[in-house]
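Heads up: the structure comes next, in structure tokens.
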Amino acid sequence: MRESMLILHFIGLAMGLGTSFAMLFLGIAGSKLEPAKGREFMLNATAILRMGQIGIVVLLITGLYLMTPYWASLGEQPLLITKLILFIVLSGLLGVLSSKARKARKGDAEAHMKAMVPLGRLILLTALGIVVLAVMVFR
């Protein structure tokens, strides 16, 4: 069962982190278009955020199962605590980003999309930090 959960966990990681990288490269591609077309392109590209949300849910479910042997010693593992806190931060940031994307599709796209750029970069850095911490904790 552990191996199945680990496989699903890595799939969730690929979906979540892949979304961040995809949005980064789509943003670069969109910036090369004229402003109106670039905004429209990025608004359409926000549909990929659903993949990141699904990946986070998969990571949460499988991560809770995979953490079973570590709950008792959690207080003795500051890197693991940091990783879990960063996961909570990442989930919150994704929620804010999804909200901004929804508002951008419904109305004032330019204002909301400007706020999405730094959020996306912060999400990517946070996700990479979580991966680094996971490697350090579970090596």
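Each chain in the structure tokens gets a letter, A, B, ..., in the order shown, and its residues are numbered from 1; ligands are numbered from 1 in order too.
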Where in chain A does DSSP assign alpha helix (DSSP H), given as a tab-separated table (two decimals) with N, CA and C atoms, in the first residue's frame?
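File written: states01.tsv
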chain	number	residue	atom	x	y	z
A	2	ARG	N	1.99	1.18	0.75
A	2	ARG	CA	2.88	2.35	0.83
A	2	ARG	C	3.41	2.72	-0.55
A	3	GLU	N	3.80	1.72	-1.33
A	3	GLU	CA	4.33	2.00	-2.66
A	3	GLU	C	3.29	2.67	-3.55
A	4	SER	N	2.05	2.21	-3.47
A	4	SER	CA	0.96	2.82	-4.25
A	4	SER	C	0.77	4.28	-3.86
A	5	MET	N	0.78	4.54	-2.57
A	5	MET	CA	0.62	5.92	-2.09
A	5	MET	C	1.81	6.79	-2.50
A	6	LEU	N	2.99	6.21	-2.47
A	6	LEU	CA	4.19	6.96	-2.88
A	6	LEU	C	4.12	7.31	-4.36
A	7	ILE	N	3.66	6.37	-5.18
A	7	ILE	CA	3.49	6.64	-6.61
A	7	ILE	C	2.47	7.76	-6.83
A	8	LEU	N	1.33	7.67	-6.14
A	8	LEU	CA	0.32	8.73	-6.25
A	8	LEU	C	0.86	10.07	-5.73
A	9	HIS	N	1.68	10.00	-4.68
A	9	HIS	CA	2.27	11.23	-4.14
A	9	HIS	C	3.16	11.90	-5.18
A	10	PHE	N	3.97	11.11	-5.87
A	10	PHE	CA	4.84	11.68	-6.91
A	10	PHE	C	4.03	12.21	-8.09
A	11	ILE	N	2.92	11.56	-8.40
A	11	ILE	CA	2.05	12.07	-9.47
A	11	ILE	C	1.46	13.42	-9.04
A	12	GLY	N	1.02	13.52	-7.80
A	12	GLY	CA	0.51	14.80	-7.28
A	12	GLY	C	1.58	15.87	-7.30
A	13	LEU	N	2.81	15.49	-6.96
A	13	LEU	CA	3.93	16.44	-7.01
A	13	LEU	C	4.17	16.92	-8.44
A	14	ALA	N	4.14	16.00	-9.38
A	14	ALA	CA	4.33	16.37	-10.78
A	14	ALA	C	3.23	17.32	-11.25
A	15	MET	N	2.00	17.05	-10.83
A	15	MET	CA	0.89	17.91	-11.23
A	15	MET	C	1.02	19.30	-10.61
A	16	GLY	N	1.34	19.36	-9.33
A	16	GLY	CA	1.44	20.64	-8.64
A	16	GLY	C	2.63	21.46	-9.10
A	17	LEU	N	3.80	20.87	-9.09
A	17	LEU	CA	5.00	21.59	-9.50
A	17	LEU	C	5.00	21.84	-11.00
A	18	GLY	N	4.46	20.91	-11.74
A	18	GLY	CA	4.36	21.08	-13.20
A	18	GLY	C	3.50	22.27	-13.57
A	19	THR	N	2.44	22.51	-12.79
A	19	THR	CA	1.59	23.66	-13.04
A	19	THR	C	2.37	24.95	-12.87
A	20	SER	N	3.19	25.02	-11.84
A	20	SER	CA	4.00	26.23	-11.61
A	20	SER	C	4.97	26.48	-12.76
A	21	PHE	N	5.65	25.44	-13.19
A	21	PHE	CA	6.57	25.60	-14.32
A	21	PHE	C	5.83	25.94	-15.61
A	22	ALA	N	4.69	25.29	-15.81
A	22	ALA	CA	3.90	25.58	-17.02
A	22	ALA	C	3.47	27.03	-17.05
A	23	MET	N	2.98	27.53	-15.92
A	23	MET	CA	2.53	28.93	-15.87
A	23	MET	C	3.70	29.89	-16.07
A	24	LEU	N	4.88	29.53	-15.56
A	24	LEU	CA	6.06	30.37	-15.75
A	24	LEU	C	6.40	30.49	-17.24
A	25	PHE	N	6.43	29.36	-17.94
A	25	PHE	CA	6.78	29.38	-19.35
A	25	PHE	C	5.66	29.95	-20.22
A	26	LEU	N	4.41	29.72	-19.84
A	26	LEU	CA	3.31	30.34	-20.57
A	26	LEU	C	3.32	31.85	-20.38
A	27	GLY	N	3.71	32.30	-19.18
A	27	GLY	CA	3.83	33.74	-18.94
A	27	GLY	C	4.91	34.36	-19.81
A	28	ILE	N	6.01	33.67	-19.99
A	28	ILE	CA	7.07	34.15	-20.86
A	28	ILE	C	6.57	34.23	-22.30
A	29	ALA	N	5.85	33.18	-22.73
A	29	ALA	CA	5.30	33.19	-24.09
A	29	ALA	C	4.26	34.30	-24.25
A	30	GLY	N	3.42	34.48	-23.24
A	30	GLY	CA	2.39	35.52	-23.30
A	30	GLY	C	2.95	36.93	-23.31
A	31	SER	N	4.10	37.12	-22.69
A	31	SER	CA	4.71	38.45	-22.64
A	31	SER	C	5.25	38.88	-24.00
A	35	PRO	N	-0.06	43.32	-25.87
A	35	PRO	CA	-0.69	43.28	-24.54
A	35	PRO	C	-2.10	42.69	-24.50
A	36	ALA	N	-2.97	43.07	-25.41
A	36	ALA	CA	-4.35	42.56	-25.37
A	36	ALA	C	-4.39	41.05	-25.62
A	37	LYS	N	-3.62	40.60	-26.60
A	37	LYS	CA	-3.57	39.16	-26.91
A	37	LYS	C	-2.88	38.38	-25.80
A	38	GLY	N	-1.86	39.00	-25.21
A	38	GLY	CA	-1.15	38.35	-24.12
A	38	GLY	C	-2.05	38.14	-22.91
A	39	ARG	N	-2.88	39.15	-22.59
A	39	ARG	CA	-3.84	39.01	-21.49
A	39	ARG	C	-4.85	37.90	-21.77
A	40	GLU	N	-5.37	37.89	-22.98
A	40	GLU	CA	-6.34	36.86	-23.36
A	40	GLU	C	-5.70	35.47	-23.30
A	41	PHE	N	-4.48	35.37	-23.79
A	41	PHE	CA	-3.75	34.10	-23.76
A	41	PHE	C	-3.57	33.61	-22.32
A	42	MET	N	-3.16	34.50	-21.43
A	42	MET	CA	-2.93	34.11	-20.04
A	42	MET	C	-4.24	33.81	-19.32
A	43	LEU	N	-5.29	34.53	-19.66
A	43	LEU	CA	-6.60	34.22	-19.06
A	43	LEU	C	-7.03	32.80	-19.44
A	44	ASN	N	-6.82	32.44	-20.69
A	44	ASN	CA	-7.16	31.09	-21.13
A	44	ASN	C	-6.23	30.06	-20.48
A	45	ALA	N	-4.98	30.43	-20.25
A	45	ALA	CA	-4.00	29.52	-19.66
A	45	ALA	C	-4.28	29.24	-18.19
A	49	LEU	N	-4.56	25.87	-13.85
A	49	LEU	CA	-4.48	25.93	-12.40
A	49	LEU	C	-5.27	24.80	-11.74
A	50	ARG	N	-6.30	24.30	-12.42
A	50	ARG	CA	-7.09	23.19	-11.89
A	50	ARG	C	-6.20	21.97	-11.68
A	51	MET	N	-5.25	21.75	-12.58
A	51	MET	CA	-4.33	20.63	-12.43
A	51	MET	C	-3.52	20.77	-11.15
A	52	GLY	N	-3.07	21.99	-10.86
A	52	GLY	CA	-2.31	22.23	-9.63
A	52	GLY	C	-3.14	21.98	-8.39
A	53	GLN	N	-4.42	22.38	-8.44
A	53	GLN	CA	-5.30	22.14	-7.30
A	53	GLN	C	-5.51	20.65	-7.06
A	54	ILE	N	-5.71	19.91	-8.13
A	54	ILE	CA	-5.88	18.46	-8.01
A	54	ILE	C	-4.59	17.84	-7.46
A	55	GLY	N	-3.45	18.30	-7.95
A	55	GLY	CA	-2.17	17.80	-7.45
A	55	GLY	C	-1.99	18.05	-5.96
A	56	ILE	N	-2.39	19.23	-5.49
A	56	ILE	CA	-2.28	19.53	-4.06
A	56	ILE	C	-3.18	18.62	-3.23
A	57	VAL	N	-4.37	18.35	-3.72
A	57	VAL	CA	-5.28	17.45	-2.99
A	57	VAL	C	-4.69	16.04	-2.94
A	58	VAL	N	-4.13	15.58	-4.05
A	58	VAL	CA	-3.50	14.25	-4.07
A	58	VAL	C	-2.32	14.22	-3.10
A	59	LEU	N	-1.51	15.29	-3.09
A	59	LEU	CA	-0.38	15.36	-2.16
A	59	LEU	C	-0.85	15.34	-0.71
A	60	LEU	N	-1.92	16.04	-0.42
A	60	LEU	CA	-2.44	16.08	0.95
A	60	LEU	C	-2.90	14.69	1.39
A	61	ILE	N	-3.70	14.05	0.57
A	61	ILE	CA	-4.25	12.75	0.95
A	61	ILE	C	-3.14	11.71	1.10
A	62	THR	N	-2.28	11.62	0.11
A	62	THR	CA	-1.21	10.62	0.18
A	62	THR	C	-0.17	10.99	1.23
A	63	GLY	N	0.08	12.28	1.39
A	63	GLY	CA	1.05	12.72	2.39
A	63	GLY	C	0.61	12.39	3.80
A	64	LEU	N	-0.67	12.54	4.09
A	64	LEU	CA	-1.17	12.18	5.42
A	64	LEU	C	-0.95	10.70	5.69
A	65	TYR	N	-1.17	9.86	4.68
A	65	TYR	CA	-0.94	8.43	4.85
A	65	TYR	C	0.56	8.14	5.03
A	66	LEU	N	1.38	8.75	4.18
A	66	LEU	CA	2.82	8.48	4.23
A	66	LEU	C	3.48	9.02	5.50
A	78	PRO	N	12.63	19.31	13.02
A	78	PRO	CA	12.28	20.68	12.62
A	78	PRO	C	12.17	20.87	11.10
A	79	LEU	N	12.94	20.13	10.33
A	79	LEU	CA	12.83	20.25	8.87
A	79	LEU	C	11.49	19.73	8.38
A	80	LEU	N	11.01	18.67	9.00
A	80	LEU	CA	9.71	18.11	8.62
A	80	LEU	C	8.59	19.09	9.01
A	81	ILE	N	8.71	19.70	10.17
A	81	ILE	CA	7.72	20.70	10.59
A	81	ILE	C	7.73	21.87	9.61
A	82	THR	N	8.91	22.31	9.22
A	82	THR	CA	9.03	23.41	8.25
A	82	THR	C	8.39	23.03	6.93
A	83	LYS	N	8.62	21.80	6.48
A	83	LYS	CA	8.02	21.33	5.23
A	83	LYS	C	6.50	21.33	5.32
A	84	LEU	N	5.96	20.88	6.43
A	84	LEU	CA	4.51	20.86	6.60
A	84	LEU	C	3.93	22.28	6.65
A	85	ILE	N	4.63	23.18	7.29
A	85	ILE	CA	4.18	24.58	7.34
A	85	ILE	C	4.21	25.18	5.94
A	86	LEU	N	5.27	24.90	5.19
A	86	LEU	CA	5.35	25.40	3.82
A	86	LEU	C	4.24	24.84	2.95
A	87	PHE	N	3.83	23.60	3.21
A	87	PHE	CA	2.72	23.01	2.46
A	87	PHE	C	1.43	23.78	2.74
A	88	ILE	N	1.23	24.14	4.00
A	88	ILE	CA	0.04	24.93	4.37
A	88	ILE	C	0.09	26.30	3.69
A	89	VAL	N	1.27	26.92	3.70
A	89	VAL	CA	1.45	28.22	3.03
A	89	VAL	C	1.18	28.07	1.54
A	90	LEU	N	1.72	27.02	0.93
A	90	LEU	CA	1.51	26.77	-0.49
A	90	LEU	C	0.03	26.62	-0.81
A	91	SER	N	-0.68	25.89	0.01
A	91	SER	CA	-2.12	25.70	-0.21
A	91	SER	C	-2.86	27.03	-0.16
A	92	GLY	N	-2.49	27.87	0.80
A	92	GLY	CA	-3.11	29.19	0.90
A	92	GLY	C	-2.80	30.07	-0.30
A	93	LEU	N	-1.55	30.05	-0.72
A	93	LEU	CA	-1.15	30.84	-1.89
A	93	LEU	C	-1.89	30.38	-3.15
A	94	LEU	N	-2.05	29.07	-3.29
A	94	LEU	CA	-2.80	28.56	-4.45
A	94	LEU	C	-4.26	28.99	-4.39
A	95	GLY	N	-4.81	29.03	-3.20
A	95	GLY	CA	-6.18	29.51	-3.05
A	95	GLY	C	-6.33	30.96	-3.46
A	96	VAL	N	-5.37	31.79	-3.04
A	96	VAL	CA	-5.40	33.20	-3.42
A	96	VAL	C	-5.22	33.36	-4.92
A	97	LEU	N	-4.28	32.60	-5.49
A	97	LEU	CA	-4.03	32.68	-6.93
A	97	LEU	C	-5.27	32.24	-7.73
A	98	SER	N	-5.92	31.19	-7.28
A	98	SER	CA	-7.13	30.73	-7.97
A	98	SER	C	-8.23	31.76	-7.88
A	99	SER	N	-8.33	32.41	-6.74
A	99	SER	CA	-9.34	33.47	-6.57
A	99	SER	C	-9.05	34.63	-7.51
A	100	LYS	N	-7.80	35.03	-7.60
A	100	LYS	CA	-7.41	36.12	-8.51
A	100	LYS	C	-7.72	35.73	-9.96
A	101	ALA	N	-7.43	34.48	-10.32
A	101	ALA	CA	-7.69	34.03	-11.69
A	101	ALA	C	-9.18	34.05	-11.99
A	102	ARG	N	-9.99	33.61	-11.03
A	102	ARG	CA	-11.44	33.62	-11.21
A	102	ARG	C	-11.95	35.04	-11.38
A	103	LYS	N	-11.45	35.97	-10.57
A	103	LYS	CA	-11.87	37.37	-10.67
A	103	LYS	C	-11.39	37.99	-11.98
A	104	ALA	N	-10.21	37.58	-12.43
A	104	ALA	CA	-9.68	38.12	-13.70
A	104	ALA	C	-10.54	37.67	-14.87
A	105	ARG	N	-11.03	36.43	-14.82
A	105	ARG	CA	-11.88	35.95	-15.91
A	105	ARG	C	-13.25	36.63	-15.90
A	106	LYS	N	-13.69	37.06	-14.72
A	106	LYS	CA	-15.01	37.68	-14.61
A	106	LYS	C	-15.00	39.19	-14.85
A	109	ALA	N	-9.41	42.16	-15.63
A	109	ALA	CA	-8.34	41.20	-15.85
A	109	ALA	C	-6.96	41.79	-15.58
A	110	GLU	N	-6.72	42.99	-16.02
A	110	GLU	CA	-5.38	43.57	-15.93
A	110	GLU	C	-4.92	43.70	-14.48
A	111	ALA	N	-5.76	44.23	-13.62
A	111	ALA	CA	-5.38	44.43	-12.22
A	111	ALA	C	-5.12	43.10	-11.51
A	112	HIS	N	-5.98	42.14	-11.73
A	112	HIS	CA	-5.82	40.85	-11.05
A	112	HIS	C	-4.64	40.07	-11.61
A	113	MET	N	-4.41	40.19	-12.91
A	113	MET	CA	-3.30	39.44	-13.51
A	113	MET	C	-1.95	39.99	-13.06
A	114	LYS	N	-1.87	41.29	-12.81
A	114	LYS	CA	-0.62	41.85	-12.29
A	114	LYS	C	-0.29	41.27	-10.93
A	115	ALA	N	-1.30	41.04	-10.11
A	115	ALA	CA	-1.08	40.45	-8.80
A	115	ALA	C	-0.74	38.96	-8.89
A	116	MET	N	-1.14	38.32	-9.98
A	116	MET	CA	-0.90	36.89	-10.13
A	116	MET	C	0.56	36.56	-10.43
A	117	VAL	N	1.27	37.47	-11.07
A	117	VAL	CA	2.66	37.20	-11.45
A	117	VAL	C	3.55	36.96	-10.23
A	118	PRO	N	3.59	37.89	-9.26
A	118	PRO	CA	4.45	37.62	-8.10
A	118	PRO	C	3.95	36.43	-7.27
A	119	LEU	N	2.64	36.24	-7.23
A	119	LEU	CA	2.10	35.08	-6.51
A	119	LEU	C	2.59	33.78	-7.15
A	120	GLY	N	2.57	33.72	-8.46
A	120	GLY	CA	3.03	32.53	-9.17
A	120	GLY	C	4.50	32.24	-8.89
A	121	ARG	N	5.30	33.28	-8.86
A	121	ARG	CA	6.73	33.08	-8.57
A	121	ARG	C	6.94	32.60	-7.14
A	122	LEU	N	6.18	33.17	-6.21
A	122	LEU	CA	6.27	32.76	-4.82
A	122	LEU	C	5.81	31.31	-4.64
A	123	ILE	N	4.78	30.93	-5.37
A	123	ILE	CA	4.30	29.55	-5.33
A	123	ILE	C	5.38	28.60	-5.85
A	124	LEU	N	6.02	28.96	-6.94
A	124	LEU	CA	7.08	28.11	-7.49
A	124	LEU	C	8.23	27.95	-6.49
A	125	LEU	N	8.67	29.06	-5.89
A	125	LEU	CA	9.76	28.99	-4.91
A	125	LEU	C	9.36	28.17	-3.68
A	126	THR	N	8.12	28.34	-3.23
A	126	THR	CA	7.64	27.59	-2.08
A	126	THR	C	7.61	26.10	-2.40
A	127	ALA	N	7.10	25.74	-3.56
A	127	ALA	CA	7.03	24.33	-3.96
A	127	ALA	C	8.42	23.72	-4.08
A	128	LEU	N	9.35	24.47	-4.65
A	128	LEU	CA	10.73	23.97	-4.74
A	128	LEU	C	11.35	23.80	-3.36
A	129	GLY	N	11.05	24.73	-2.46
A	129	GLY	CA	11.53	24.62	-1.08
A	129	GLY	C	10.99	23.38	-0.40
A	130	ILE	N	9.73	23.06	-0.65
A	130	ILE	CA	9.13	21.86	-0.08
A	130	ILE	C	9.82	20.61	-0.60
A	131	VAL	N	10.12	20.59	-1.89
A	131	VAL	CA	10.81	19.43	-2.47
A	131	VAL	C	12.20	19.26	-1.86
A	132	VAL	N	12.93	20.37	-1.72
A	132	VAL	CA	14.27	20.31	-1.12
A	132	VAL	C	14.19	19.79	0.31
A	133	LEU	N	13.25	20.32	1.08
A	133	LEU	CA	13.09	19.87	2.47
A	133	LEU	C	12.69	18.39	2.53
A	134	ALA	N	11.83	17.95	1.61
A	134	ALA	CA	11.43	16.54	1.59
A	134	ALA	C	12.63	15.64	1.34
A	135	VAL	N	13.48	16.04	0.43
A	135	VAL	CA	14.67	15.24	0.14
A	135	VAL	C	15.58	15.20	1.37
A	136	MET	N	15.73	16.33	2.05
A	136	MET	CA	16.58	16.39	3.23
A	136	MET	C	16.02	15.55	4.39
A	137	VAL	N	14.69	15.54	4.53
A	137	VAL	CA	14.07	14.80	5.63
A	137	VAL	C	14.02	13.30	5.36
A	138	PHE	N	13.65	12.92	4.14
A	138	PHE	CA	13.37	11.51	3.85
A	138	PHE	C	14.47	10.80	3.07
